[in-house]
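Notes follow the structure.
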Amino acid sequence: MTQRKPNPYFVRASGTSAQPMYPLADYARKELGYKTAITIVEDFAYGYEEMGGFQRVFEDEGGHIVKKLWPPLVTPDYTPYLAQLTGVDVIVQGFAGSDPLRFMKQYHDAGLTLPVLASGTGADDALMKSFGDEALGMVRSSNYTSDLDTPSNKQFVAGMVRDTGAIPGLYAAGMYINGMVAEAAVKALDGKVDDRRR
């Protein structure tokens with residue numbers, strides 16, 4: 001609704017799922033020197049767009065995606081997929097929700113040692129408290145980090161911790177920004193939100 005055939009009544013105040021994958025792929029090739037990768041992410045639109053962004057830049061920079069794996073949402077056991085994660089320089093995971101925790105735990109428990117790159121949802125700030133040693137060494141790229149050293153972010157993080165007891169992640173920041181955009185639009189319209197001409 002906001003890309004190829006945009007709906008004029010929708011505003012996208014957040015990034016796309018592919019957006020943080022562009023710099024991650026660039027970093028993987030140019031700084032980390034990875035030449036081959038296997039991508040693994042849930043089998044739905046967000047995952048396709050996410051890994052499409054990574055693949056585009058990684059291959060434009062001379063890398064090669066050897067295999068793309070698409071487990072169903074909320075896969076309980078990644079064993080059939082873990083068995084295929086071999087013969088490359090790096091694994092790229094873009095799971096979301098609770099899936100990154102389950103995947104990385106099973107990856108670690110299986111004794112796999114290939115480096116892992118993650119999308120913003122694959123290692124969201126809000127998830128970090130739930131990871132164990134399986135997250136050590138993982139490199140991620142995201143549209144947001146709670147470590148951003150700006151006055152507005154410090155205020156946002158402090159408010160989230162005060163109100164919820166949790167460090168905010170990508171999802172909370174995205175919703176907060178969407179709320180700010182909606183509030184600004186209502187103010188700009190003097191509260192007349194039913195006036196479609198404005």
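Each chain in the structure tokens gets a letter, A, B, ..., in the order shown, and its residues are numbered from 1; ligands are numbered from 1 in order too.
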Near A:Gln84, counting only C-alpha atoms, which residues have an atom at most 10 Å away, once you skip same-chain residues fewer than 5 positions from it, shown as a PyMOL selection string?
-> chain A and resi 38+67+69+79
Those residues you just picked out, can you put them in a file as a short mmCIF file (atom, residue, chain, number, x, y, z; two decimals), in the first residue's frame with C-alpha atoms?
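In the end it all went to result.cif:
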data_model
loop_
_atom_site.label_atom_id
_atom_site.label_comp_id
_atom_site.auth_asym_id
_atom_site.auth_seq_id
_atom_site.Cartn_x
_atom_site.Cartn_y
_atom_site.Cartn_z
CA ILE A 38 22.92 -18.97 3.32
CA LYS A 67 20.94 -21.29 -0.53
CA LEU A 69 15.73 -21.39 3.39
CA THR A 79 16.70 -29.37 12.86
#
Which neighbours of A:Gly122 fall inside 7 Å, counting only C-alpha atoms, when residues of the same chain fewer than 3 positions from it are skipped, and could you give them as a PyMOL selection string?
-> chain A and resi 93-96+100+118-119
Go ahead and save the residues from that selection, with C-alpha atoms, as a PDB file, in the first residue's frame.
ATOM      1  CA  GLN A  93      18.904 -14.899   9.760  1.00  0.00           C
ATOM      2  CA  GLY A  94      16.003 -12.478   9.682  1.00  0.00           C
ATOM      3  CA  PHE A  95      13.517 -14.105  12.051  1.00  0.00           C
ATOM      4  CA  ALA A  96      11.004 -12.041  13.996  1.00  0.00           C
ATOM      5  CA  PRO A 100      15.044 -15.614  16.619  1.00  0.00           C
ATOM      6  CA  ALA A 118      20.864 -10.779  11.787  1.00  0.00           C
ATOM      7  CA  SER A 119      18.281  -8.268  10.713  1.00  0.00           C
TER       8      SER A 119
END
Smallest atom-to-atom distance to A:Val92: which of A:Met180, A:Leu189, A:Val41, A:Ala158, using only C-alpha atoms?
->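 Closest candidate: A:Val41.
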A:Ser17 surroundings by only C-alpha atoms, 8 Å radius, close-in-sequence under 6 positions cut, as a list in words |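 Result of the neighbour search: Tyr46, Gly47, Glu49 and Glu50 of chain A.
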Please, could you write that set of residues out with C-alpha atoms as a tab-separated table (two decimals), in the first residue's frame?
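New file out-v3.tsv:
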chain	number	residue	atom	x	y	z
A	46	TYR	CA	8.32	-9.61	5.27
A	47	GLY	CA	11.01	-12.29	5.07
A	49	GLU	CA	11.52	-8.49	1.18
A	50	GLU	CA	14.11	-8.58	3.94
Near-A:Ala37 list (10 Å; only C-alpha atoms; drop same-chain fewer than 2 positions) as number ranges by chain | A: 28, 34-35, 39-40, 55, 58, 63-68, 85-92, 116-117
So which residues of chain A fall under strand (DSSP E or B) by DSSP, listed as a PyMOL selection string?
-> chain A and resi 36-40+64-69+90-93+116-118+139-140
DSSP-assigned alpha helix (DSSP H) among stretch 60-195 of chain A, expressed as a count of residues only | 49
Would you mind reading off the distance between atom CA of A:Ala25 and atom CA of A:Met51, one decimal, in Å?
->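 Calculated distance between atom CA of A:Ala25 and atom CA of A:Met51 is 9.8 Å.
Residues surrounding A:Lys105 within 10 Å are Asp99, Pro100, Ala110, Phe131, Gly132, Asp133, Glu134 and Ala135 of chain A [only C-alpha atoms; sequence separation below 5 positions excluded].
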Any idea what's packed within 12 Å of A:Leu148, counting only C-alpha atoms, ignoring anything in its chain fewer than 6 positions away? Could you give it as number ranges by chain?
-> A: 125, 142, 154-157, 168-169, 173
Go through A:Thr121, A:Tyr78, A:Gly97, A:Pro6 and flag the residue nearest A:Ala18, using only C-alpha atoms for the distances.
->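 Result for the nearest residue to A:Ala18: A:Thr121.
Our summary of the geometry notes that atom CA of A:Asp163 is positioned 15.4 Å from atom CA of A:Ser146.
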Give the answer as one residue: which of A:Pro8, A:Met21, A:Thr75, A:Leu32 has the shortest atom-to-atom distance to A:Gly52, using only C-alpha atoms?
-> A:Met21
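From atom CA of A:Phe10 back to atom CA of A:Ser152, the distance works out to 25.8 Å.
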A:Asp26 surroundings by only C-alpha atoms, 7 Å radius, close-in-sequence under 3 positions cut, as an MDAnalysis selection string = chainID A and resid 22:23 29:30 57:58
For the selection just defined, write its residues with N, CA and C atoms to a file, as a short mmCIF file (atom, residue, chain, number, x, y, z; two decimals), in the first residue's frame.
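Saved the output as result-v3.cif:
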data_model
loop_
_atom_site.label_atom_id
_atom_site.label_comp_id
_atom_site.auth_asym_id
_atom_site.auth_seq_id
_atom_site.Cartn_x
_atom_site.Cartn_y
_atom_site.Cartn_z
N TYR A 22 20.43 -3.65 3.51
CA TYR A 22 21.37 -3.10 2.54
C TYR A 22 22.73 -2.82 3.20
N PRO A 23 22.77 -2.05 4.29
CA PRO A 23 24.09 -1.82 4.91
C PRO A 23 24.68 -3.08 5.52
N ARG A 29 30.23 -7.90 3.01
CA ARG A 29 31.18 -8.07 1.89
C ARG A 29 32.45 -7.24 2.09
N LYS A 30 32.27 -5.94 2.33
CA LYS A 30 33.43 -5.04 2.31
C LYS A 30 34.27 -5.08 3.58
N VAL A 57 22.25 -6.41 -2.50
CA VAL A 57 23.50 -5.72 -2.24
C VAL A 57 24.67 -6.70 -2.16
N PHE A 58 24.46 -7.82 -1.49
CA PHE A 58 25.53 -8.82 -1.32
C PHE A 58 26.02 -9.30 -2.68
#
